[in-house]
$ cat upload-v9.txt   # compact mmCIF, C-alpha atoms and all ligand atoms
# COMPACT_ATOMS: atom_id res chain seq x y z
CA MET P 1 -28.06 4.40 8.09
CA THR P 2 -26.74 5.48 4.68
CA GLU P 3 -27.00 2.85 1.96
CA PRO P 4 -23.53 1.38 1.24
CA VAL P 5 -22.07 2.02 -2.20
CA LEU P 6 -20.10 -1.19 -2.05
CA GLU P 7 -20.96 -4.19 0.05
CA VAL P 8 -19.41 -7.62 0.30
CA ARG P 9 -21.26 -10.37 2.10
CA ASN P 10 -19.63 -13.48 3.47
CA LEU P 11 -17.09 -13.81 0.64
CA GLN P 12 -15.12 -17.02 0.51
CA LEU P 13 -12.32 -18.24 -1.72
CA SER P 14 -9.95 -21.15 -1.18
CA PHE P 15 -6.79 -21.99 -3.09
CA GLY P 16 -6.63 -25.75 -2.51
CA ALA P 17 -6.70 -26.24 1.26
CA LEU P 18 -5.89 -22.55 1.95
CA ARG P 19 -8.85 -20.29 2.81
CA ALA P 20 -7.47 -17.05 1.41
CA THR P 21 -10.81 -15.27 1.96
CA ASP P 22 -12.73 -16.78 4.82
CA GLY P 23 -16.20 -15.28 5.22
CA VAL P 24 -15.42 -11.58 4.72
CA SER P 25 -18.20 -9.00 4.98
CA LEU P 26 -17.66 -5.26 4.76
CA THR P 27 -19.30 -2.07 3.52
CA LEU P 28 -18.14 1.18 1.95
CA CYS P 29 -20.48 4.12 2.52
CA PRO P 30 -20.72 7.51 0.75
CA GLY P 31 -17.97 9.97 1.66
CA GLU P 32 -15.89 7.54 3.69
CA ILE P 33 -12.43 6.09 3.52
CA HIS P 34 -12.45 2.51 4.78
CA ALA P 35 -8.93 1.19 5.22
CA LEU P 36 -8.10 -2.50 4.97
CA ILE P 37 -4.89 -3.44 6.71
CA GLY P 38 -3.19 -6.71 7.55
CA PRO P 39 0.12 -8.54 7.48
CA ASN P 40 1.67 -9.95 4.31
CA GLY P 41 -0.31 -12.91 3.05
CA ALA P 42 -3.44 -11.94 5.03
CA GLY P 43 -5.52 -12.01 1.85
CA LYS P 44 -5.82 -8.31 0.96
CA SER P 45 -4.96 -8.74 -2.73
CA THR P 46 -7.27 -11.73 -2.99
CA LEU P 47 -10.13 -9.73 -1.48
CA ILE P 48 -9.48 -6.84 -3.87
CA GLY P 49 -9.49 -9.28 -6.79
CA LEU P 50 -12.86 -10.64 -5.63
CA ILE P 51 -14.27 -7.11 -5.32
CA ALA P 52 -12.86 -5.97 -8.67
CA GLY P 53 -14.03 -9.11 -10.44
CA THR P 54 -10.68 -10.57 -11.49
CA LEU P 55 -11.31 -13.47 -9.07
CA LYS P 56 -14.55 -15.38 -8.58
CA PRO P 57 -15.64 -16.36 -5.06
CA ASP P 58 -16.60 -19.88 -3.99
CA ALA P 59 -19.43 -18.25 -2.06
CA GLY P 60 -20.72 -14.85 -1.03
CA GLN P 61 -21.80 -11.68 -2.77
CA VAL P 62 -20.43 -8.39 -4.06
CA ARG P 63 -22.95 -5.55 -4.39
CA LEU P 64 -22.27 -2.22 -6.09
CA ALA P 65 -24.80 0.58 -5.67
CA GLY P 66 -27.40 -1.92 -4.56
CA ARG P 67 -26.86 -4.26 -7.50
CA ASP P 68 -25.48 -7.78 -7.20
CA VAL P 69 -22.37 -7.81 -9.42
CA THR P 70 -20.95 -11.14 -8.18
CA ALA P 71 -21.37 -12.75 -11.59
CA ALA P 72 -20.14 -9.69 -13.53
CA ASP P 73 -16.58 -9.58 -14.85
CA ALA P 74 -14.06 -6.84 -14.08
CA ALA P 75 -14.88 -4.75 -17.17
CA VAL P 76 -18.58 -4.70 -16.34
CA ARG P 77 -17.83 -3.68 -12.75
CA ALA P 78 -15.51 -0.91 -13.99
CA ARG P 79 -18.23 0.42 -16.27
CA ALA P 80 -20.64 0.26 -13.33
CA GLY P 81 -18.31 2.67 -11.52
CA LEU P 82 -15.81 0.54 -9.63
CA ALA P 83 -12.48 2.33 -10.08
CA ARG P 84 -9.59 0.10 -9.14
CA SER P 85 -5.99 1.29 -9.03
CA PHE P 86 -3.02 0.75 -9.04
CA GLN P 87 -1.99 -2.79 -9.76
CA VAL P 88 -2.92 -2.84 -13.40
CA SER P 89 -2.07 0.44 -14.97
CA ALA P 90 -3.54 1.54 -18.27
CA VAL P 91 -1.16 4.49 -18.63
CA ALA P 92 0.56 4.63 -22.05
CA ALA P 93 4.15 5.82 -21.50
CA ASP P 94 4.58 7.34 -24.97
CA LEU P 95 1.49 9.50 -24.78
CA THR P 96 1.30 12.79 -22.92
CA VAL P 97 -0.57 13.25 -19.68
CA LEU P 98 -3.40 14.99 -21.55
CA GLN P 99 -3.56 12.33 -24.27
CA ASN P 100 -3.82 9.60 -21.64
CA ALA P 101 -6.61 11.47 -19.88
CA VAL P 102 -8.45 12.06 -23.17
CA LEU P 103 -8.27 8.35 -23.96
CA ALA P 104 -9.64 7.53 -20.51
CA VAL P 105 -12.58 9.91 -21.02
CA GLN P 106 -13.16 8.55 -24.50
CA GLY P 107 -13.03 4.96 -23.24
CA ALA P 108 -15.41 5.71 -20.39
CA ARG P 109 -17.88 7.09 -22.92
CA GLY P 110 -17.65 3.87 -24.86
CA GLN P 111 -15.97 5.48 -27.84
CA SER P 112 -13.32 3.85 -29.98
CA PHE P 113 -9.65 4.33 -29.16
CA GLY P 114 -8.88 4.41 -32.89
CA PHE P 115 -9.40 8.06 -33.75
CA PHE P 116 -6.96 9.93 -31.63
CA ARG P 117 -6.57 13.24 -33.47
CA PRO P 118 -10.29 13.93 -33.74
CA ALA P 119 -10.58 12.96 -30.06
CA LEU P 120 -8.03 15.55 -28.98
CA ALA P 121 -9.81 18.15 -31.08
CA ASP P 122 -13.15 17.31 -29.50
CA ALA P 123 -13.67 20.19 -27.06
CA ALA P 124 -15.96 18.25 -24.72
CA LEU P 125 -13.56 15.32 -24.38
CA ARG P 126 -10.61 17.61 -23.94
CA GLY P 127 -12.41 19.79 -21.42
CA ALA P 128 -13.34 16.78 -19.28
CA ALA P 129 -9.77 15.43 -19.50
CA GLU P 130 -8.31 18.82 -18.48
CA ALA P 131 -10.67 18.97 -15.50
CA HIS P 132 -9.56 15.53 -14.27
CA ILE P 133 -5.91 16.48 -14.70
CA ALA P 134 -6.48 19.71 -12.75
CA ARG P 135 -8.23 17.78 -9.96
CA VAL P 136 -5.08 15.74 -9.33
CA GLY P 137 -2.74 18.73 -9.66
CA LEU P 138 -1.09 17.80 -12.96
CA SER P 139 -2.19 20.72 -15.20
CA ASP P 140 1.32 22.07 -15.63
CA ARG P 141 2.54 18.58 -16.66
CA ARG P 142 -0.12 17.98 -19.32
CA THR P 143 2.27 18.01 -22.31
CA ILE P 144 4.83 15.68 -20.70
CA PRO P 145 4.96 12.06 -21.92
CA ALA P 146 3.58 9.88 -19.14
CA GLY P 147 6.78 7.83 -19.24
CA ASP P 148 8.73 10.88 -18.04
CA LEU P 149 6.57 11.47 -14.96
CA ALA P 150 7.90 10.89 -11.47
CA HIS P 151 6.38 7.92 -9.64
CA GLY P 152 3.97 10.02 -7.57
CA GLU P 153 2.86 12.01 -10.62
CA ARG P 154 2.10 8.78 -12.46
CA ARG P 155 -0.07 7.63 -9.57
CA ARG P 156 -1.94 10.93 -9.76
CA LEU P 157 -2.43 10.49 -13.52
CA GLU P 158 -3.90 7.04 -12.83
CA LEU P 159 -6.36 8.67 -10.43
CA ALA P 160 -7.24 11.30 -13.07
CA MET P 161 -7.94 8.44 -15.49
CA ALA P 162 -10.04 6.69 -12.84
CA LEU P 163 -12.05 9.91 -12.43
CA ALA P 164 -13.03 9.62 -16.10
CA LEU P 165 -15.17 6.61 -15.11
CA ALA P 166 -17.33 8.89 -12.93
CA PRO P 167 -16.60 6.33 -10.21
CA ARG P 168 -19.06 5.28 -7.55
CA ALA P 169 -16.30 3.69 -5.49
CA PHE P 170 -12.51 3.67 -5.54
CA VAL P 171 -10.59 0.53 -4.60
CA LEU P 172 -6.99 1.60 -4.15
CA ASP P 173 -4.19 -0.88 -3.69
CA GLU P 174 -1.27 0.67 -1.81
CA PRO P 175 -1.30 4.18 -3.28
CA MET P 176 1.58 5.22 -1.00
CA ALA P 177 3.89 2.38 -2.11
CA GLY P 178 7.24 3.64 -3.36
CA MET P 179 6.59 7.23 -2.30
CA GLY P 180 8.88 9.40 -0.23
CA PRO P 181 7.48 11.44 2.67
CA ASP P 182 6.54 14.43 0.45
CA GLY P 183 4.80 12.22 -2.11
CA ALA P 184 2.91 10.38 0.62
CA ARG P 185 1.74 13.70 2.11
CA GLU P 186 0.55 14.90 -1.32
CA MET P 187 -1.24 11.63 -2.00
CA THR P 188 -2.85 11.74 1.46
CA ALA P 189 -4.22 15.23 0.72
CA LEU P 190 -5.47 14.14 -2.69
CA LEU P 191 -7.29 11.07 -1.33
CA ASP P 192 -8.85 13.22 1.37
CA ASP P 193 -10.29 15.34 -1.45
CA LEU P 194 -11.28 12.43 -3.72
CA ARG P 195 -13.40 10.78 -1.01
CA HIS P 196 -16.00 13.46 -1.83
CA GLU P 197 -16.04 12.25 -5.43
CA ALA P 198 -16.52 8.63 -4.38
CA PRO P 199 -15.77 6.66 -1.21
CA ILE P 200 -12.45 4.82 -1.03
CA LEU P 201 -11.60 1.29 0.04
CA LEU P 202 -7.93 1.75 0.84
CA VAL P 203 -5.47 -1.11 1.13
CA GLU P 204 -2.35 0.44 2.59
CA HIS P 205 0.71 -0.50 4.65
CA ASP P 206 1.60 3.14 5.45
CA MET P 207 0.06 3.53 8.90
CA ASP P 208 0.56 7.31 8.98
CA ALA P 209 -1.65 7.57 5.89
CA VAL P 210 -4.19 5.07 7.24
CA PHE P 211 -4.46 6.79 10.61
CA ALA P 212 -4.72 10.23 8.94
CA LEU P 213 -7.39 9.26 6.41
CA ALA P 214 -9.53 6.36 7.56
CA ASP P 215 -13.00 6.80 8.97
CA ARG P 216 -13.01 3.06 9.58
CA VAL P 217 -10.29 0.44 9.60
CA SER P 218 -10.77 -3.28 9.09
CA VAL P 219 -7.98 -5.66 10.01
CA LEU P 220 -7.58 -8.78 7.90
CA VAL P 221 -5.60 -11.72 9.28
CA SER P 222 -5.52 -15.19 7.66
CA GLY P 223 -8.44 -14.33 5.38
CA ARG P 224 -10.73 -13.10 8.18
CA ILE P 225 -11.58 -9.65 9.46
CA ILE P 226 -10.55 -9.81 13.11
CA ALA P 227 -11.56 -6.25 13.98
CA SER P 228 -13.29 -3.27 12.39
CA GLY P 229 -13.72 0.18 13.87
CA THR P 230 -12.47 3.74 14.07
CA VAL P 231 -8.75 4.48 14.13
CA ALA P 232 -8.93 4.99 17.89
CA GLU P 233 -10.73 1.67 18.40
CA ILE P 234 -8.29 -0.23 16.21
CA ARG P 235 -5.24 1.29 17.85
CA THR P 236 -6.39 0.10 21.26
CA ASP P 237 -7.80 -3.31 20.27
CA PRO P 238 -5.73 -5.94 22.08
CA GLU P 239 -6.26 -8.61 19.42
CA VAL P 240 -5.09 -6.23 16.68
CA ARG P 241 -2.03 -5.34 18.75
CA ARG P 242 -1.23 -9.01 19.14
CA ALA P 243 -1.97 -10.08 15.58
CA TYR P 244 -0.65 -7.25 13.54
CA LEU P 245 0.21 -3.80 14.71
CA GLY P 246 3.53 -3.53 16.51
CA GLU P 247 3.26 -1.79 19.86
CA GLU P 248 5.44 1.04 18.58
CA MET P 249 2.96 1.89 15.81
CA LEU P 250 0.20 2.47 18.26
CA GLU P 251 1.87 4.88 20.65
N1 LIG V 1 -3.41 -17.86 -7.12
C1 LIG V 1 -3.06 -18.34 -5.91
N2 LIG V 1 -2.88 -19.66 -5.73
C2 LIG V 1 -2.54 -20.17 -4.53
N3 LIG V 1 -2.39 -19.43 -3.41
C3 LIG V 1 -2.57 -18.10 -3.52
C4 LIG V 1 -2.91 -17.48 -4.77
N4 LIG V 1 -3.02 -16.15 -4.57
C5 LIG V 1 -2.76 -15.93 -3.27
N5 LIG V 1 -2.49 -17.10 -2.63
C6 LIG V 1 -2.22 -17.25 -1.20
O1 LIG V 1 -3.32 -16.69 -0.51
C7 LIG V 1 -2.88 -16.01 0.67
C8 LIG V 1 -3.32 -14.56 0.60
O2 LIG V 1 -2.53 -13.87 -0.39
P1 LIG V 1 -2.75 -12.34 -0.75
O3 LIG V 1 -1.78 -12.02 -1.85
O4 LIG V 1 -4.18 -12.09 -0.99
O5 LIG V 1 -2.29 -11.61 0.59
P2 LIG V 1 -1.97 -10.07 0.83
O6 LIG V 1 -2.59 -9.72 2.13
O7 LIG V 1 -2.36 -9.28 -0.35
O8 LIG V 1 -0.39 -10.06 0.98
P3 LIG V 1 0.65 -8.86 0.63
O9 LIG V 1 0.41 -7.78 1.65
O10 LIG V 1 1.97 -9.55 0.82
O11 LIG V 1 0.40 -8.45 -0.78
C9 LIG V 1 -1.37 -16.19 0.73
O12 LIG V 1 -1.11 -17.29 1.57
C10 LIG V 1 -1.00 -16.50 -0.71
O13 LIG V 1 0.16 -17.30 -0.76

$ encode --input "upload-v9.txt" --output "structure tokens"
Amino acid sequence: MTEPVLEVRNLQLSFGALRATDGVSLTLCPGEIHALIGPNGAGKSTLIGLIAGTLKPDAGQVRLAGRDVTAADAAVRARAGLARSFQVSAVAADLTVLQNAVLAVQGARGQSFGFFRPALADAALRGAAEAHIARVGLSDRRTIPAGDLAHGERRRLELAMALALAPRAFVLDEPMAGMGPDGAREMTALLDDLRHEAPILLVEHDMDAVFALADRVSVLVSGRIIASGTVAEIRTDPEVRRAYLGEEMLE
């Protein structure tokens, strides 16, 4: 079997008496989209925080590219290639799309944010930034201040900035949230392309997107994964039907 890029083993975290993450294990393998679904309060955000390093587990392990990163903070995990969007956005509204992308490339290379003009003039930085912008379909918006972008365009800029990290794994928190049908279709197509850059752990409530994209789906309920399998397996799993998915979603 292919070596997982991201692996969590028996993660546990309690808030007081509440077991928000109750022995979760999962893997993310090269090229795949692994969707994590579950009702409100199931523990999806908590699990993402544990994976990204903003929360520390009571027990268990997080491994990235074969390395145990459980003790590493979020910045170290990001530098190791864990690209997390979209809850905390680093987009600067006053700067253009290209300037934001240049800063992301510069930051990923460990260079100072302080010298913006020379950075924009640096052909290598600018070339890399332009390539990331093109990858997400924003080339014709490169001179627009990020604050003037439509919601879906901003999400795509965030992905372009994540690409600057040369990510090993994407962890995406509800990329379809707030999108209309056209935006969701565009984002679905983009994620289907980006999986070849790095595999995607996708937390998403939009079942059309999940069923279109996911190679595997894991269902989280009350901090535990109650089922994990292909879309077809999950759609027909009686426990999943009972615990989460309405019958109408599965027809
Ligand atoms: N810092 C905290 N302190 C106490 N309880 C918390 C904390 N963070 C989350 N919880 C609780 O842990 C449980 C899991 O919450 P979490 O936000 O991870 O769920 P979720 O699946 O992301 O929900 P949603 O889909 O609504 O975002 C909930 O019962 C929540 O109230």

$ residues_near_point --input "upload-v9.txt" --point "(-2.2, 6.7, 9.7)" --cutoff "12 Å" --atoms "only C-alpha atoms" --output "PyMOL selection string"
chain P and resi 33+35-37+176+184-185+188+202+204-217+230-232+234-235+245+249-251

$ residues_around --input "upload-v9.txt" --residues "stretch 7-19 of chain P" --least-positions-apart "3" --cutoff "9 Å" --atoms "only C-alpha atoms" --output "PDB file with C-alpha atoms, in the frame of the given file"
ATOM      1  CA  PRO P   4     -23.530   1.380   1.240  1.00  0.00           C
ATOM      2  CA  ASP P  22     -12.730 -16.780   4.820  1.00  0.00           C
ATOM      3  CA  GLY P  23     -16.200 -15.280   5.220  1.00  0.00           C
ATOM      4  CA  VAL P  24     -15.420 -11.580   4.720  1.00  0.00           C
ATOM      5  CA  SER P  25     -18.200  -9.000   4.980  1.00  0.00           C
ATOM      6  CA  LEU P  26     -17.660  -5.260   4.760  1.00  0.00           C
ATOM      7  CA  THR P  27     -19.300  -2.070   3.520  1.00  0.00           C
ATOM      8  CA  LEU P  28     -18.140   1.180   1.950  1.00  0.00           C
ATOM      9  CA  CYS P  29     -20.480   4.120   2.520  1.00  0.00           C
ATOM     10  CA  GLY P  43      -5.520 -12.010   1.850  1.00  0.00           C
ATOM     11  CA  THR P  46      -7.270 -11.730  -2.990  1.00  0.00           C
ATOM     12  CA  LEU P  47     -10.130  -9.730  -1.480  1.00  0.00           C
ATOM     13  CA  LEU P  50     -12.860 -10.640  -5.630  1.00  0.00           C
ATOM     14  CA  ILE P  51     -14.270  -7.110  -5.320  1.00  0.00           C
ATOM     15  CA  LEU P  55     -11.310 -13.470  -9.070  1.00  0.00           C
ATOM     16  CA  LYS P  56     -14.550 -15.380  -8.580  1.00  0.00           C
ATOM     17  CA  PRO P  57     -15.640 -16.360  -5.060  1.00  0.00           C
ATOM     18  CA  ASP P  58     -16.600 -19.880  -3.990  1.00  0.00           C
ATOM     19  CA  ALA P  59     -19.430 -18.250  -2.060  1.00  0.00           C
ATOM     20  CA  GLY P  60     -20.720 -14.850  -1.030  1.00  0.00           C
ATOM     21  CA  GLN P  61     -21.800 -11.680  -2.770  1.00  0.00           C
ATOM     22  CA  VAL P  62     -20.430  -8.390  -4.060  1.00  0.00           C
ATOM     23  CA  ARG P  63     -22.950  -5.550  -4.390  1.00  0.00           C
ATOM     24  CA  LEU P  64     -22.270  -2.220  -6.090  1.00  0.00           C
ATOM     25  CA  ALA P  65     -24.800   0.580  -5.670  1.00  0.00           C
ATOM     26  CA  GLY P  66     -27.400  -1.920  -4.560  1.00  0.00           C
ATOM     27  CA  SER P 222      -5.520 -15.190   7.660  1.00  0.00           C
ATOM     28  CA  GLY P 223      -8.440 -14.330   5.380  1.00  0.00           C
TER      29      GLY P 223
END

$ atom_distance --input "upload-v9.txt" --atom1 "atom O2 of ligand LIG 1 (chain V)" --atom2 "atom CA of P:Ala227"
18.6 Å

$ atom_distance --input "upload-v9.txt" --atom1 "atom CA of P:Leu157" --atom2 "atom CA of P:Arg135"
10.0 Å

$ residues_near_ligand --input "upload-v9.txt" --ligand "ligand LIG 1 (chain V)" --cutoff "6 Å" --atoms "only C-alpha atoms and all ligand atoms" --output "PyMOL selection string"
chain P and resi 15+20+39-46

$ axis_aligned_box --input "upload-v9.txt" --around "stretch 231-246 of chain P" --padding-each-side "8 Å" --output "lines of an AutoDock Vina configuration file"
center_x = -3.6
center_y = -2.5
center_z = 17.8
size_x = 30.3
size_y = 31.1
size_z = 24.5

$ closest_residue --input "upload-v9.txt" --among "P:Ile48, P:Ile225, P:Val171, P:Val102" --to "P:Arg126" --atoms "all atoms listed in the file"
P:Val102

$ residues_around --input "upload-v9.txt" --residues "P:His151" --least-positions-apart "3" --cutoff "10 Å" --atoms "all atoms listed in the file" --output "PDB file with C-alpha atoms, in the frame of the given file"
ATOM      1  CA  GLY P 147       6.780   7.830 -19.240  1.00  0.00           C
ATOM      2  CA  ASP P 148       8.730  10.880 -18.040  1.00  0.00           C
ATOM      3  CA  ARG P 154       2.100   8.780 -12.460  1.00  0.00           C
ATOM      4  CA  ARG P 155      -0.070   7.630  -9.570  1.00  0.00           C
ATOM      5  CA  ARG P 156      -1.940  10.930  -9.760  1.00  0.00           C
ATOM      6  CA  LEU P 157      -2.430  10.490 -13.520  1.00  0.00           C
ATOM      7  CA  ALA P 177       3.890   2.380  -2.110  1.00  0.00           C
ATOM      8  CA  GLY P 178       7.240   3.640  -3.360  1.00  0.00           C
ATOM      9  CA  MET P 179       6.590   7.230  -2.300  1.00  0.00           C
ATOM     10  CA  GLY P 180       8.880   9.400  -0.230  1.00  0.00           C
ATOM     11  CA  GLY P 183       4.800  12.220  -2.110  1.00  0.00           C
TER      12      GLY P 183
END

$ residues_near_point --input "upload-v9.txt" --point "(-19.3, -0.2, -15.4)" --cutoff "12 Å" --atoms "all atoms listed in the file" --output "PyMOL selection string"
chain P and resi 52-53+64-65+67+69+72-84+107-110+162+164-169

$ atom_distance --input "upload-v9.txt" --atom1 "atom CA of P:Phe170" --atom2 "atom CA of P:Val221"
22.5 Å

$ closest_residue --input "upload-v9.txt" --among "P:Val240, P:Leu172, P:Leu6, P:Ala198" --to "P:Leu220" --atoms "all atoms listed in the file"
P:Val240

$ closest_residue --input "upload-v9.txt" --among "P:Arg224, P:Arg241, P:Arg195, P:His132" --to "P:Ala160" --atoms "only C-alpha atoms"
P:His132

$ residues_around --input "upload-v9.txt" --residues "P:Glu130" --least-positions-apart "6" --cutoff "8 Å" --atoms "only C-alpha atoms" --output "list of chain:residue names"
P:Leu98, P:Ala101, P:Ser139

$ write_last_selection --input "upload-v9.txt" --atoms "C-alpha atoms" --output "PDB file, keeping the file's coordinate frame"
ATOM      1  CA  LEU P  98      -3.400  14.990 -21.550  1.00  0.00           C
ATOM      2  CA  ALA P 101      -6.610  11.470 -19.880  1.00  0.00           C
ATOM      3  CA  SER P 139      -2.190  20.720 -15.200  1.00  0.00           C
TER       4      SER P 139
END

$ closest_residue --input "upload-v9.txt" --among "P:Ala123, P:Leu190, P:Ala150, P:Leu163" --to "P:Gly137" --atoms "all atoms listed in the file"
P:Leu190

$ closest_residue --input "upload-v9.txt" --among "P:Pro175, P:Pro145, P:Pro238, P:Pro181" --to "P:Val91" --atoms "only C-alpha atoms"
P:Pro145

$ decode --input "upload-v9.txt" --residues "stretch 165-186 of chain P" --atoms "N, CA and C atoms" --output "short mmCIF file (atom, residue, chain, number, x, y, z; two decimals), in the first residue's frame"
data_model
loop_
_atom_site.label_atom_id
_atom_site.label_comp_id
_atom_site.auth_asym_id
_atom_site.auth_seq_id
_atom_site.Cartn_x
_atom_site.Cartn_y
_atom_site.Cartn_z
N LEU P 165 3.51 27.13 -0.43
CA LEU P 165 4.19 26.30 0.59
C LEU P 165 4.75 25.00 0.01
N ALA P 166 4.49 24.77 -1.31
CA ALA P 166 4.81 23.46 -1.89
C ALA P 166 4.24 22.37 -0.98
N PRO P 167 2.91 22.40 -0.80
CA PRO P 167 2.30 21.56 0.24
C PRO P 167 2.46 20.07 -0.02
N ARG P 168 2.56 19.33 1.07
CA ARG P 168 2.51 17.86 0.99
C ARG P 168 1.09 17.39 1.19
N ALA P 169 0.30 18.18 1.94
CA ALA P 169 -1.09 17.81 2.19
C ALA P 169 -1.90 19.08 2.41
N PHE P 170 -3.10 19.10 1.83
CA PHE P 170 -4.04 20.19 2.10
C PHE P 170 -5.04 19.72 3.16
N VAL P 171 -5.36 20.61 4.10
CA VAL P 171 -6.47 20.35 5.03
C VAL P 171 -7.43 21.52 4.83
N LEU P 172 -8.55 21.24 4.20
CA LEU P 172 -9.45 22.32 3.79
C LEU P 172 -10.75 22.26 4.57
N ASP P 173 -11.04 23.38 5.22
CA ASP P 173 -12.21 23.47 6.09
C ASP P 173 -13.34 24.18 5.35
N GLU P 174 -14.29 23.42 4.88
CA GLU P 174 -15.48 23.93 4.21
C GLU P 174 -15.19 24.91 3.07
N PRO P 175 -14.47 24.47 2.06
CA PRO P 175 -14.18 25.37 0.94
C PRO P 175 -15.41 25.83 0.17
N MET P 176 -16.51 25.08 0.25
CA MET P 176 -17.71 25.45 -0.50
C MET P 176 -18.61 26.42 0.28
N ALA P 177 -18.28 26.66 1.56
CA ALA P 177 -19.17 27.49 2.39
C ALA P 177 -19.36 28.87 1.77
N GLY P 178 -20.59 29.31 1.71
CA GLY P 178 -20.91 30.65 1.21
C GLY P 178 -20.89 30.77 -0.30
N MET P 179 -20.71 29.68 -1.01
CA MET P 179 -20.65 29.73 -2.47
C MET P 179 -22.02 29.44 -3.07
N GLY P 180 -22.30 30.10 -4.19
CA GLY P 180 -23.47 29.72 -4.98
C GLY P 180 -23.14 28.48 -5.79
N PRO P 181 -24.13 28.00 -6.57
CA PRO P 181 -23.90 26.78 -7.34
C PRO P 181 -22.74 26.89 -8.33
N ASP P 182 -22.59 28.05 -9.00
CA ASP P 182 -21.49 28.19 -9.97
C ASP P 182 -20.15 28.16 -9.26
N GLY P 183 -20.06 28.91 -8.14
CA GLY P 183 -18.81 28.94 -7.38
C GLY P 183 -18.44 27.56 -6.87
N ALA P 184 -19.44 26.82 -6.39
CA ALA P 184 -19.18 25.47 -5.87
C ALA P 184 -18.68 24.56 -6.98
N ARG P 185 -19.27 24.70 -8.18
CA ARG P 185 -18.80 23.88 -9.32
C ARG P 185 -17.36 24.21 -9.68
N GLU P 186 -17.03 25.52 -9.69
CA GLU P 186 -15.65 25.93 -10.01
C GLU P 186 -14.67 25.41 -8.96
#
